[in-house]
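Novice: Structure file upload17.txt, compact mmCIF, N, CA and C atoms, is pasted below:
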# COMPACT_ATOMS: atom_id res chain seq x y z
N MET T 1424 4.43 -4.35 12.29
CA MET T 1424 3.03 -4.33 11.93
C MET T 1424 2.70 -3.05 11.17
N THR T 1425 1.96 -3.18 10.09
CA THR T 1425 1.55 -2.03 9.30
C THR T 1425 0.26 -1.45 9.87
N PHE T 1426 0.23 -0.14 10.02
CA PHE T 1426 -0.95 0.55 10.53
C PHE T 1426 -2.07 0.47 9.49
N PHE T 1427 -3.33 0.44 9.97
CA PHE T 1427 -4.46 0.43 9.04
C PHE T 1427 -5.70 1.05 9.68
N VAL T 1428 -6.61 1.47 8.81
CA VAL T 1428 -7.96 1.89 9.20
C VAL T 1428 -8.94 1.17 8.28
N ASP T 1429 -10.12 0.89 8.79
CA ASP T 1429 -11.17 0.26 7.99
C ASP T 1429 -12.19 1.31 7.58
N VAL T 1430 -12.66 1.19 6.33
CA VAL T 1430 -13.61 2.14 5.76
C VAL T 1430 -14.66 1.35 4.98
N THR T 1431 -15.90 1.83 5.00
CA THR T 1431 -16.94 1.26 4.15
C THR T 1431 -17.22 2.24 3.02
N VAL T 1432 -17.22 1.75 1.80
CA VAL T 1432 -17.48 2.60 0.63
C VAL T 1432 -18.94 3.04 0.67
N ARG T 1433 -19.14 4.34 0.60
CA ARG T 1433 -20.48 4.93 0.67
C ARG T 1433 -21.01 5.24 -0.72
N GLY T 1434 -22.31 5.17 -0.86
CA GLY T 1434 -22.95 5.36 -2.16
C GLY T 1434 -22.62 6.68 -2.83
N TYR T 1435 -22.51 7.75 -2.06
CA TYR T 1435 -22.24 9.06 -2.66
C TYR T 1435 -20.80 9.19 -3.14
N GLU T 1436 -19.94 8.20 -2.86
CA GLU T 1436 -18.55 8.22 -3.32
C GLU T 1436 -18.37 7.54 -4.68
N LEU T 1437 -19.45 7.05 -5.25
CA LEU T 1437 -19.37 6.29 -6.50
C LEU T 1437 -19.43 7.21 -7.71
N ASP T 1438 -18.82 6.75 -8.81
CA ASP T 1438 -18.89 7.49 -10.06
C ASP T 1438 -20.06 6.96 -10.90
N THR T 1439 -20.17 7.43 -12.12
CA THR T 1439 -21.31 7.05 -12.97
C THR T 1439 -21.30 5.57 -13.36
N GLN T 1440 -20.17 4.90 -13.26
CA GLN T 1440 -20.10 3.47 -13.55
C GLN T 1440 -20.44 2.62 -12.33
N GLY T 1441 -20.67 3.27 -11.19
CA GLY T 1441 -21.04 2.54 -9.99
C GLY T 1441 -19.87 2.03 -9.17
N HIS T 1442 -18.66 2.50 -9.49
CA HIS T 1442 -17.54 2.13 -8.64
C HIS T 1442 -16.91 3.36 -8.00
N LEU T 1443 -16.07 3.12 -7.01
CA LEU T 1443 -15.50 4.21 -6.23
C LEU T 1443 -14.79 5.21 -7.13
N ASN T 1444 -15.15 6.47 -6.98
CA ASN T 1444 -14.54 7.55 -7.75
C ASN T 1444 -13.04 7.61 -7.45
N GLN T 1445 -12.27 7.86 -8.50
CA GLN T 1445 -10.81 7.85 -8.37
C GLN T 1445 -10.29 8.81 -7.30
N ALA T 1446 -10.89 9.96 -7.14
CA ALA T 1446 -10.42 10.93 -6.15
C ALA T 1446 -10.62 10.43 -4.72
N VAL T 1447 -11.61 9.57 -4.52
CA VAL T 1447 -11.90 9.09 -3.17
C VAL T 1447 -10.81 8.14 -2.68
N TYR T 1448 -10.16 7.42 -3.58
CA TYR T 1448 -9.02 6.58 -3.17
C TYR T 1448 -7.97 7.46 -2.47
N LEU T 1449 -7.75 8.64 -3.00
CA LEU T 1449 -6.79 9.57 -2.39
C LEU T 1449 -7.28 10.05 -1.03
N GLN T 1450 -8.60 10.26 -0.90
CA GLN T 1450 -9.15 10.68 0.38
C GLN T 1450 -8.99 9.58 1.43
N TYR T 1451 -9.23 8.33 1.04
CA TYR T 1451 -9.03 7.21 1.96
C TYR T 1451 -7.56 7.15 2.40
N ALA T 1452 -6.65 7.33 1.46
CA ALA T 1452 -5.22 7.29 1.79
C ALA T 1452 -4.86 8.43 2.75
N GLU T 1453 -5.38 9.61 2.49
CA GLU T 1453 -5.13 10.76 3.36
C GLU T 1453 -5.67 10.50 4.77
N HIS T 1454 -6.85 9.95 4.83
CA HIS T 1454 -7.47 9.62 6.12
C HIS T 1454 -6.55 8.67 6.91
N ALA T 1455 -6.05 7.64 6.27
CA ALA T 1455 -5.18 6.67 6.94
C ALA T 1455 -3.88 7.33 7.42
N ARG T 1456 -3.33 8.24 6.62
CA ARG T 1456 -2.09 8.92 7.03
C ARG T 1456 -2.32 9.74 8.29
N TRP T 1457 -3.41 10.51 8.33
CA TRP T 1457 -3.68 11.33 9.51
C TRP T 1457 -4.02 10.46 10.72
N GLU T 1458 -4.69 9.35 10.49
CA GLU T 1458 -5.00 8.44 11.60
C GLU T 1458 -3.73 7.80 12.16
N LEU T 1459 -2.77 7.50 11.28
CA LEU T 1459 -1.49 6.98 11.75
C LEU T 1459 -0.79 8.02 12.63
N LEU T 1460 -0.73 9.24 12.16
CA LEU T 1460 -0.10 10.30 12.95
C LEU T 1460 -0.82 10.49 14.29
N ARG T 1461 -2.15 10.49 14.25
CA ARG T 1461 -2.93 10.66 15.47
C ARG T 1461 -2.67 9.50 16.45
N ALA T 1462 -2.66 8.28 15.95
CA ALA T 1462 -2.42 7.11 16.79
C ALA T 1462 -1.02 7.15 17.41
N ALA T 1463 -0.08 7.74 16.71
CA ALA T 1463 1.29 7.88 17.22
C ALA T 1463 1.40 9.02 18.23
N GLY T 1464 0.32 9.76 18.42
CA GLY T 1464 0.34 10.88 19.36
C GLY T 1464 0.69 12.19 18.71
N LEU T 1465 0.43 12.27 17.39
CA LEU T 1465 0.76 13.49 16.65
C LEU T 1465 -0.46 14.04 15.91
N PRO T 1466 -1.48 14.46 16.64
CA PRO T 1466 -2.62 15.08 15.94
C PRO T 1466 -2.17 16.39 15.28
N GLN T 1467 -2.98 16.85 14.37
CA GLN T 1467 -2.62 18.03 13.58
C GLN T 1467 -2.24 19.22 14.44
N ASP T 1468 -2.99 19.49 15.50
CA ASP T 1468 -2.68 20.66 16.33
C ASP T 1468 -1.32 20.55 17.01
N LYS T 1469 -0.92 19.34 17.39
CA LYS T 1469 0.40 19.16 18.02
C LYS T 1469 1.52 19.40 17.02
N LEU T 1470 1.33 18.89 15.79
CA LEU T 1470 2.34 19.13 14.75
C LEU T 1470 2.47 20.62 14.46
N LEU T 1471 1.34 21.29 14.28
CA LEU T 1471 1.37 22.71 13.97
C LEU T 1471 2.00 23.51 15.11
N ALA T 1472 1.71 23.13 16.35
CA ALA T 1472 2.30 23.83 17.50
C ALA T 1472 3.82 23.65 17.53
N SER T 1473 4.31 22.54 16.98
CA SER T 1473 5.76 22.32 16.93
C SER T 1473 6.42 23.06 15.77
N GLY T 1474 5.59 23.67 14.91
CA GLY T 1474 6.13 24.46 13.80
C GLY T 1474 6.35 23.69 12.51
N VAL T 1475 5.83 22.47 12.43
CA VAL T 1475 5.98 21.68 11.21
C VAL T 1475 4.63 21.11 10.79
N GLY T 1476 4.58 20.74 9.52
CA GLY T 1476 3.40 20.07 8.98
C GLY T 1476 3.80 19.16 7.84
N PRO T 1477 3.08 18.06 7.66
CA PRO T 1477 3.41 17.14 6.57
C PRO T 1477 3.02 17.72 5.22
N VAL T 1478 3.84 17.44 4.22
CA VAL T 1478 3.52 17.86 2.86
C VAL T 1478 3.69 16.68 1.91
N ALA T 1479 2.75 16.57 0.99
CA ALA T 1479 2.83 15.56 -0.07
C ALA T 1479 3.56 16.18 -1.24
N LEU T 1480 4.58 15.51 -1.73
CA LEU T 1480 5.37 16.01 -2.85
C LEU T 1480 5.08 15.25 -4.14
N GLU T 1481 4.61 14.02 -4.00
CA GLU T 1481 4.32 13.19 -5.17
C GLU T 1481 3.39 12.07 -4.72
N THR T 1482 2.41 11.73 -5.56
CA THR T 1482 1.50 10.63 -5.25
C THR T 1482 1.22 9.85 -6.52
N THR T 1483 1.31 8.52 -6.42
CA THR T 1483 0.98 7.63 -7.52
C THR T 1483 -0.06 6.64 -7.03
N VAL T 1484 -1.11 6.45 -7.82
CA VAL T 1484 -2.14 5.48 -7.48
C VAL T 1484 -2.20 4.44 -8.59
N LYS T 1485 -2.17 3.17 -8.19
CA LYS T 1485 -2.39 2.07 -9.12
C LYS T 1485 -3.74 1.46 -8.78
N PHE T 1486 -4.68 1.56 -9.70
CA PHE T 1486 -6.01 1.00 -9.51
C PHE T 1486 -5.99 -0.44 -10.01
N LEU T 1487 -6.24 -1.39 -9.12
CA LEU T 1487 -6.10 -2.80 -9.47
C LEU T 1487 -7.42 -3.55 -9.52
N ARG T 1488 -8.37 -3.22 -8.66
CA ARG T 1488 -9.69 -3.84 -8.63
C ARG T 1488 -10.71 -2.77 -8.30
N GLU T 1489 -11.90 -2.92 -8.85
CA GLU T 1489 -12.92 -1.91 -8.56
C GLU T 1489 -13.50 -2.12 -7.17
N LEU T 1490 -13.95 -1.03 -6.61
CA LEU T 1490 -14.67 -1.04 -5.34
C LEU T 1490 -16.06 -0.49 -5.60
N ARG T 1491 -17.05 -1.09 -4.94
CA ARG T 1491 -18.45 -0.70 -5.14
C ARG T 1491 -19.07 -0.32 -3.81
N GLY T 1492 -20.20 0.34 -3.86
CA GLY T 1492 -20.89 0.76 -2.65
C GLY T 1492 -21.11 -0.39 -1.69
N GLY T 1493 -20.84 -0.14 -0.42
CA GLY T 1493 -21.00 -1.16 0.62
C GLY T 1493 -19.77 -2.01 0.85
N ASP T 1494 -18.81 -1.99 -0.08
CA ASP T 1494 -17.58 -2.76 0.14
C ASP T 1494 -16.86 -2.23 1.38
N ARG T 1495 -16.37 -3.14 2.18
CA ARG T 1495 -15.56 -2.75 3.33
C ARG T 1495 -14.10 -2.96 2.95
N VAL T 1496 -13.30 -1.94 3.21
CA VAL T 1496 -11.89 -2.00 2.83
C VAL T 1496 -11.00 -1.65 4.02
N ARG T 1497 -9.78 -2.12 3.94
CA ARG T 1497 -8.74 -1.80 4.91
C ARG T 1497 -7.71 -0.95 4.18
N VAL T 1498 -7.40 0.21 4.75
CA VAL T 1498 -6.43 1.13 4.16
C VAL T 1498 -5.18 1.11 5.04
N THR T 1499 -4.08 0.62 4.48
CA THR T 1499 -2.84 0.51 5.25
C THR T 1499 -1.99 1.76 5.04
N CYS T 1500 -1.04 1.94 5.94
CA CYS T 1500 -0.14 3.08 5.83
C CYS T 1500 1.14 2.80 6.59
N ARG T 1501 2.26 3.02 5.92
CA ARG T 1501 3.55 2.95 6.61
C ARG T 1501 4.50 3.97 5.99
N PHE T 1502 5.34 4.51 6.85
CA PHE T 1502 6.34 5.48 6.42
C PHE T 1502 7.67 4.74 6.28
N VAL T 1503 8.33 4.97 5.16
CA VAL T 1503 9.62 4.33 4.89
C VAL T 1503 10.65 5.44 4.75
N TYR T 1504 11.54 5.53 5.71
CA TYR T 1504 12.52 6.60 5.74
C TYR T 1504 13.82 6.15 5.10
N GLY T 1505 14.48 7.11 4.47
CA GLY T 1505 15.81 6.91 3.94
C GLY T 1505 16.67 8.04 4.45
N GLU T 1506 17.61 8.41 3.66
CA GLU T 1506 18.45 9.56 4.00
C GLU T 1506 17.80 10.81 3.43
N GLY T 1507 18.01 11.91 4.06
CA GLY T 1507 17.54 13.17 3.49
C GLY T 1507 16.23 13.67 4.08
N LYS T 1508 15.64 14.60 3.36
CA LYS T 1508 14.49 15.35 3.85
C LYS T 1508 13.15 14.74 3.49
N THR T 1509 13.14 13.73 2.65
CA THR T 1509 11.87 13.14 2.23
C THR T 1509 11.78 11.68 2.67
N PHE T 1510 10.56 11.17 2.63
CA PHE T 1510 10.33 9.76 2.94
C PHE T 1510 9.19 9.25 2.07
N THR T 1511 9.10 7.94 1.97
CA THR T 1511 8.07 7.30 1.17
C THR T 1511 6.89 6.94 2.07
N VAL T 1512 5.69 7.15 1.56
CA VAL T 1512 4.48 6.71 2.22
C VAL T 1512 3.92 5.58 1.36
N ALA T 1513 3.90 4.37 1.91
CA ALA T 1513 3.44 3.18 1.18
C ALA T 1513 2.08 2.77 1.73
N GLN T 1514 1.09 2.66 0.84
CA GLN T 1514 -0.26 2.35 1.27
C GLN T 1514 -0.92 1.36 0.32
N GLN T 1515 -1.82 0.57 0.88
CA GLN T 1515 -2.65 -0.32 0.07
C GLN T 1515 -4.10 -0.16 0.53
N ILE T 1516 -5.00 -0.35 -0.42
CA ILE T 1516 -6.42 -0.44 -0.11
C ILE T 1516 -6.82 -1.87 -0.43
N LEU T 1517 -7.21 -2.59 0.62
CA LEU T 1517 -7.46 -4.02 0.51
C LEU T 1517 -8.95 -4.33 0.66
N LYS T 1518 -9.45 -5.22 -0.19
CA LYS T 1518 -10.81 -5.70 -0.04
C LYS T 1518 -10.86 -6.66 1.15
N GLU T 1519 -12.07 -7.01 1.58
CA GLU T 1519 -12.21 -7.90 2.75
C GLU T 1519 -11.53 -9.24 2.57
N ASP T 1520 -11.45 -9.72 1.33
CA ASP T 1520 -10.80 -11.01 1.10
C ASP T 1520 -9.29 -10.91 0.96
N GLY T 1521 -8.74 -9.70 1.17
CA GLY T 1521 -7.30 -9.49 1.09
C GLY T 1521 -6.79 -9.06 -0.27
N THR T 1522 -7.68 -9.05 -1.28
CA THR T 1522 -7.29 -8.60 -2.61
C THR T 1522 -6.92 -7.12 -2.58
N VAL T 1523 -5.81 -6.79 -3.22
CA VAL T 1523 -5.39 -5.39 -3.28
C VAL T 1523 -6.21 -4.68 -4.34
N ALA T 1524 -7.00 -3.69 -3.91
CA ALA T 1524 -7.81 -2.91 -4.83
C ALA T 1524 -7.01 -1.74 -5.41
N ALA T 1525 -6.09 -1.20 -4.61
CA ALA T 1525 -5.27 -0.08 -5.08
C ALA T 1525 -4.01 0.01 -4.25
N GLU T 1526 -2.97 0.54 -4.87
CA GLU T 1526 -1.72 0.86 -4.19
C GLU T 1526 -1.50 2.36 -4.33
N VAL T 1527 -1.21 3.00 -3.22
CA VAL T 1527 -0.94 4.44 -3.22
C VAL T 1527 0.47 4.62 -2.67
N THR T 1528 1.32 5.21 -3.46
CA THR T 1528 2.70 5.45 -3.05
C THR T 1528 2.98 6.94 -3.18
N GLY T 1529 3.60 7.48 -2.16
CA GLY T 1529 3.87 8.91 -2.19
C GLY T 1529 5.24 9.25 -1.65
N VAL T 1530 5.67 10.43 -1.99
CA VAL T 1530 6.88 11.02 -1.41
C VAL T 1530 6.39 12.19 -0.57
N ALA T 1531 6.85 12.24 0.68
CA ALA T 1531 6.40 13.28 1.59
C ALA T 1531 7.59 13.87 2.32
N GLY T 1532 7.32 14.95 3.01
CA GLY T 1532 8.33 15.59 3.84
C GLY T 1532 7.62 16.33 4.95
N MET T 1533 8.41 16.89 5.85
CA MET T 1533 7.87 17.71 6.92
C MET T 1533 8.34 19.14 6.68
N LEU T 1534 7.39 20.03 6.57
CA LEU T 1534 7.67 21.42 6.23
C LEU T 1534 7.81 22.27 7.48
N ASP T 1535 8.92 23.01 7.57
CA ASP T 1535 9.09 24.03 8.61
C ASP T 1535 8.16 25.17 8.21
N LEU T 1536 7.14 25.39 9.01
CA LEU T 1536 6.09 26.34 8.63
C LEU T 1536 6.55 27.80 8.66
N ALA T 1537 7.55 28.11 9.45
CA ALA T 1537 8.05 29.49 9.50
C ALA T 1537 8.94 29.81 8.31
N HIS T 1538 9.79 28.85 7.92
CA HIS T 1538 10.76 29.09 6.85
C HIS T 1538 10.33 28.52 5.51
N ARG T 1539 9.24 27.74 5.50
CA ARG T 1539 8.69 27.14 4.27
C ARG T 1539 9.72 26.29 3.55
N LYS T 1540 10.47 25.52 4.33
CA LYS T 1540 11.50 24.61 3.81
C LYS T 1540 11.30 23.24 4.46
N LEU T 1541 11.68 22.19 3.75
CA LEU T 1541 11.64 20.86 4.34
C LEU T 1541 12.68 20.75 5.44
N ILE T 1542 12.32 20.07 6.52
CA ILE T 1542 13.27 19.88 7.61
C ILE T 1542 14.15 18.68 7.33
N ALA T 1543 15.34 18.68 7.90
CA ALA T 1543 16.24 17.53 7.80
C ALA T 1543 15.77 16.46 8.76
N ASP T 1544 15.97 15.22 8.42
CA ASP T 1544 15.70 14.06 9.27
C ASP T 1544 14.27 14.06 9.83
N PRO T 1545 13.28 13.95 8.95
CA PRO T 1545 11.89 13.95 9.42
C PRO T 1545 11.59 12.79 10.37
N ALA T 1546 12.24 11.65 10.20
CA ALA T 1546 11.99 10.50 11.08
C ALA T 1546 12.34 10.85 12.53
N ALA T 1547 13.49 11.44 12.74
CA ALA T 1547 13.92 11.79 14.10
C ALA T 1547 13.03 12.87 14.69
N HIS T 1548 12.65 13.83 13.88
CA HIS T 1548 11.80 14.91 14.37
C HIS T 1548 10.43 14.38 14.80
N LEU T 1549 9.82 13.55 13.96
CA LEU T 1549 8.52 12.98 14.30
C LEU T 1549 8.61 12.10 15.54
N ALA T 1550 9.65 11.28 15.61
CA ALA T 1550 9.82 10.39 16.76
C ALA T 1550 9.98 11.18 18.05
N SER T 1551 10.66 12.31 17.97
CA SER T 1551 10.88 13.12 19.17
C SER T 1551 9.58 13.73 19.70
N LEU T 1552 8.61 13.92 18.85
CA LEU T 1552 7.33 14.52 19.24
C LEU T 1552 6.27 13.48 19.60
N ALA T 1553 6.42 12.26 19.10
CA ALA T 1553 5.37 11.25 19.20
C ALA T 1553 5.29 10.61 20.58
N ASP T 1554 4.07 10.25 20.96
CA ASP T 1554 3.85 9.47 22.18
C ASP T 1554 4.14 8.00 21.92
N ASN T 1555 3.93 7.56 20.68
CA ASN T 1555 4.16 6.16 20.30
C ASN T 1555 4.95 6.14 18.99
N PRO T 1556 6.25 6.45 19.06
CA PRO T 1556 7.05 6.56 17.84
C PRO T 1556 7.20 5.26 17.06
N ASP T 1557 6.98 4.11 17.72
CA ASP T 1557 7.10 2.83 17.01
C ASP T 1557 6.12 2.73 15.85
N LEU T 1558 4.97 3.38 15.96
CA LEU T 1558 3.99 3.35 14.87
C LEU T 1558 4.52 4.05 13.62
N LEU T 1559 5.46 4.95 13.79
CA LEU T 1559 5.97 5.73 12.67
C LEU T 1559 7.08 5.02 11.91
N ARG T 1560 7.52 3.90 12.41
CA ARG T 1560 8.57 3.13 11.75
C ARG T 1560 7.94 1.98 11.00
N GLY T 1561 7.82 2.14 9.69
CA GLY T 1561 7.16 1.13 8.88
C GLY T 1561 8.06 0.03 8.56
The structure in this file should be written as structure tokens.

Specialist:
Amino acid sequence: MTFFVDVTVRGYELDTQGHLNQAVYLQYAEHARWELLRAAGLPQDKLLASGVGPVALETTVKFLRELRGGDRVRVTCRFVYGEGKTFTVAQQILKEDGTVAAEVTGVAGMLDLAHRKLIADPAAHLASLADNPDLLRG
């Protein structure tokens, strides 16, 4: 199951054309990522206390359908791990009818805050800290 949060587009988030400002799509995606970590039992303070923090290394947004004030959307989030120090964050912003309004894809890692280097095997590290590690396996 893919993790998700629901959001309602607010009027102050709109651009001059009356649709959701491009930067807000990134804010929605960021919100879903932190909510996924929180739901897994990894709130920001717990991560920081363990000496690591998530870092975004690359983000791509594909805008597919416009969103307007009052639209209710579902923002999905899943982590896709491979080998090495980075992982993919795959997200969609879906309209109520299931239409994909945007796709957000990123490359992320977990930063050792003392040494300012990416840690090896972020999946194992996150799972070892999480109360619900199954949420972290997309």

Novice: How far is it from atom CA of Leu1487 of chain T to atom CA of Ala1524 of chain T, in Å with one decimal?

Specialist: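 Here the two named atoms are 4.9 Å from each other.
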
Novice: Rounded to one decimal in Å, what is the spacing between atom C of Glu1481 of chain T and atom C of Asp1554 of chain T?

Specialist: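 Going from atom C of Glu1481 of chain T over to atom C of Asp1554 of chain T, I get 27.0 Å.
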
Novice: Would you mind telling me which residue in T:Glu1458, T:Glu1526, T:Glu1489, T:Glu1506 lies nearest to Asp1544 of chain T when using all atoms listed in the file?

Specialist: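 Answer, going by the shortest atom-to-atom distance: T:Glu1506.
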
Novice: Neighbouring residues of segment 1539-1543 of chain T were defined as those with any atom within 7 Å, considering only C-alpha atoms; residues of the same chain fewer than 5 positions away were excluded. Please report them as a list in words.

Specialist: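 Here the answer would be Gly1507, Lys1508, Gly1532, Met1533 and Leu1534 of chain T.
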
Novice: Taking N, CA and C atoms for each residue, export the selection above as a PDB file, in the coordinates of the input.

Specialist:
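File produced: again.pdb:
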ATOM      1  N   GLY T1507      18.010  11.910   4.060  1.00  0.00           N
ATOM      2  CA  GLY T1507      17.540  13.170   3.490  1.00  0.00           C
ATOM      3  C   GLY T1507      16.230  13.670   4.080  1.00  0.00           C
ATOM      4  N   LYS T1508      15.640  14.600   3.360  1.00  0.00           N
ATOM      5  CA  LYS T1508      14.490  15.350   3.850  1.00  0.00           C
ATOM      6  C   LYS T1508      13.150  14.740   3.490  1.00  0.00           C
ATOM      7  N   GLY T1532       7.320  14.950   3.010  1.00  0.00           N
ATOM      8  CA  GLY T1532       8.330  15.590   3.840  1.00  0.00           C
ATOM      9  C   GLY T1532       7.620  16.330   4.950  1.00  0.00           C
ATOM     10  N   MET T1533       8.410  16.890   5.850  1.00  0.00           N
ATOM     11  CA  MET T1533       7.870  17.710   6.920  1.00  0.00           C
ATOM     12  C   MET T1533       8.340  19.140   6.680  1.00  0.00           C
ATOM     13  N   LEU T1534       7.390  20.030   6.570  1.00  0.00           N
ATOM     14  CA  LEU T1534       7.670  21.420   6.230  1.00  0.00           C
ATOM     15  C   LEU T1534       7.810  22.270   7.480  1.00  0.00           C
TER      16      LEU T1534
END

Novice: Run DSSP on the backbone and give me the residues of segment 1465-1522 of chain T it puts in strand (DSSP E), as a VMD selection string.

Specialist: chain T and resid 1475 to 1486 1495 to 1504 1509 to 1518

Novice: Using N, CA and C atoms, can you export the residues from the last selection as a JSON list (two decimals), in the coordinates of the input?

Specialist:
[["chain", "number", "residue", "atom", "x", "y", "z"],
["T", 1475, "VAL", "N", 5.83, 22.47, 12.43],
["T", 1475, "VAL", "CA", 5.98, 21.68, 11.21],
["T", 1475, "VAL", "C", 4.63, 21.11, 10.79],
["T", 1476, "GLY", "N", 4.58, 20.74, 9.52],
["T", 1476, "GLY", "CA", 3.40, 20.07, 8.98],
["T", 1476, "GLY", "C", 3.80, 19.16, 7.84],
["T", 1477, "PRO", "N", 3.08, 18.06, 7.66],
["T", 1477, "PRO", "CA", 3.41, 17.14, 6.57],
["T", 1477, "PRO", "C", 3.02, 17.72, 5.22],
["T", 1478, "VAL", "N", 3.84, 17.44, 4.22],
["T", 1478, "VAL", "CA", 3.52, 17.86, 2.86],
["T", 1478, "VAL", "C", 3.69, 16.68, 1.91],
["T", 1479, "ALA", "N", 2.75, 16.57, 0.99],
["T", 1479, "ALA", "CA", 2.83, 15.56, -0.07],
["T", 1479, "ALA", "C", 3.56, 16.18, -1.24],
["T", 1480, "LEU", "N", 4.58, 15.51, -1.73],
["T", 1480, "LEU", "CA", 5.37, 16.01, -2.85],
["T", 1480, "LEU", "C", 5.08, 15.25, -4.14],
["T", 1481, "GLU", "N", 4.61, 14.02, -4.00],
["T", 1481, "GLU", "CA", 4.32, 13.19, -5.17],
["T", 1481, "GLU", "C", 3.39, 12.07, -4.72],
["T", 1482, "THR", "N", 2.41, 11.73, -5.56],
["T", 1482, "THR", "CA", 1.50, 10.63, -5.25],
["T", 1482, "THR", "C", 1.22, 9.85, -6.52],
["T", 1483, "THR", "N", 1.31, 8.52, -6.42],
["T", 1483, "THR", "CA", 0.98, 7.63, -7.52],
["T", 1483, "THR", "C", -0.06, 6.64, -7.03],
["T", 1484, "VAL", "N", -1.11, 6.45, -7.82],
["T", 1484, "VAL", "CA", -2.14, 5.48, -7.48],
["T", 1484, "VAL", "C", -2.20, 4.44, -8.59],
["T", 1485, "LYS", "N", -2.17, 3.17, -8.19],
["T", 1485, "LYS", "CA", -2.39, 2.07, -9.12],
["T", 1485, "LYS", "C", -3.74, 1.46, -8.78],
["T", 1486, "PHE", "N", -4.68, 1.56, -9.70],
["T", 1486, "PHE", "CA", -6.01, 1.00, -9.51],
["T", 1486, "PHE", "C", -5.99, -0.44, -10.01],
["T", 1495, "ARG", "N", -16.37, -3.14, 2.18],
["T", 1495, "ARG", "CA", -15.56, -2.75, 3.33],
["T", 1495, "ARG", "C", -14.10, -2.96, 2.95],
["T", 1496, "VAL", "N", -13.30, -1.94, 3.21],
["T", 1496, "VAL", "CA", -11.89, -2.00, 2.83],
["T", 1496, "VAL", "C", -11.00, -1.65, 4.02],
["T", 1497, "ARG", "N", -9.78, -2.12, 3.94],
["T", 1497, "ARG", "CA", -8.74, -1.80, 4.91],
["T", 1497, "ARG", "C", -7.71, -0.95, 4.18],
["T", 1498, "VAL", "N", -7.40, 0.21, 4.75],
["T", 1498, "VAL", "CA", -6.43, 1.13, 4.16],
["T", 1498, "VAL", "C", -5.18, 1.11, 5.04],
["T", 1499, "THR", "N", -4.08, 0.62, 4.48],
["T", 1499, "THR", "CA", -2.84, 0.51, 5.25],
["T", 1499, "THR", "C", -1.99, 1.76, 5.04],
["T", 1500, "CYS", "N", -1.04, 1.94, 5.94],
["T", 1500, "CYS", "CA", -0.14, 3.08, 5.83],
["T", 1500, "CYS", "C", 1.14, 2.80, 6.59],
["T", 1501, "ARG", "N", 2.26, 3.02, 5.92],
["T", 1501, "ARG", "CA", 3.55, 2.95, 6.61],
["T", 1501, "ARG", "C", 4.50, 3.97, 5.99],
["T", 1502, "PHE", "N", 5.34, 4.51, 6.85],
["T", 1502, "PHE", "CA", 6.34, 5.48, 6.42],
["T", 1502, "PHE", "C", 7.67, 4.74, 6.28],
["T", 1503, "VAL", "N", 8.33, 4.97, 5.16],
["T", 1503, "VAL", "CA", 9.62, 4.33, 4.89],
["T", 1503, "VAL", "C", 10.65, 5.44, 4.75],
["T", 1504, "TYR", "N", 11.54, 5.53, 5.71],
["T", 1504, "TYR", "CA", 12.52, 6.60, 5.74],
["T", 1504, "TYR", "C", 13.82, 6.15, 5.10],
["T", 1509, "THR", "N", 13.14, 13.73, 2.65],
["T", 1509, "THR", "CA", 11.87, 13.14, 2.23],
["T", 1509, "THR", "C", 11.78, 11.68, 2.67],
["T", 1510, "PHE", "N", 10.56, 11.17, 2.63],
["T", 1510, "PHE", "CA", 10.33, 9.76, 2.94],
["T", 1510, "PHE", "C", 9.19, 9.25, 2.07],
["T", 1511, "THR", "N", 9.10, 7.94, 1.97],
["T", 1511, "THR", "CA", 8.07, 7.30, 1.17],
["T", 1511, "THR", "C", 6.89, 6.94, 2.07],
["T", 1512, "VAL", "N", 5.69, 7.15, 1.56],
["T", 1512, "VAL", "CA", 4.48, 6.71, 2.22],
["T", 1512, "VAL", "C", 3.92, 5.58, 1.36],
["T", 1513, "ALA", "N", 3.90, 4.37, 1.91],
["T", 1513, "ALA", "CA", 3.44, 3.18, 1.18],
["T", 1513, "ALA", "C", 2.08, 2.77, 1.73],
["T", 1514, "GLN", "N", 1.09, 2.66, 0.84],
["T", 1514, "GLN", "CA", -0.26, 2.35, 1.27],
["T", 1514, "GLN", "C", -0.92, 1.36, 0.32],
["T", 1515, "GLN", "N", -1.82, 0.57, 0.88],
["T", 1515, "GLN", "CA", -2.65, -0.32, 0.07],
["T", 1515, "GLN", "C", -4.10, -0.16, 0.53],
["T", 1516, "ILE", "N", -5.00, -0.35, -0.42],
["T", 1516, "ILE", "CA", -6.42, -0.44, -0.11],
["T", 1516, "ILE", "C", -6.82, -1.87, -0.43],
["T", 1517, "LEU", "N", -7.21, -2.59, 0.62],
["T", 1517, "LEU", "CA", -7.46, -4.02, 0.51],
["T", 1517, "LEU", "C", -8.95, -4.33, 0.66],
["T", 1518, "LYS", "N", -9.45, -5.22, -0.19],
["T", 1518, "LYS", "CA", -10.81, -5.70, -0.04],
["T", 1518, "LYS", "C", -10.86, -6.66, 1.15]]

Novice: Identify the residues around (2.5, 3.9, -1.4) within a radius of 6 Å, measuring from all atoms listed in the file in the coordinates stated by the file, and give them as a PyMOL selection string.

Specialist: chain T and resi 1512-1515+1526-1529
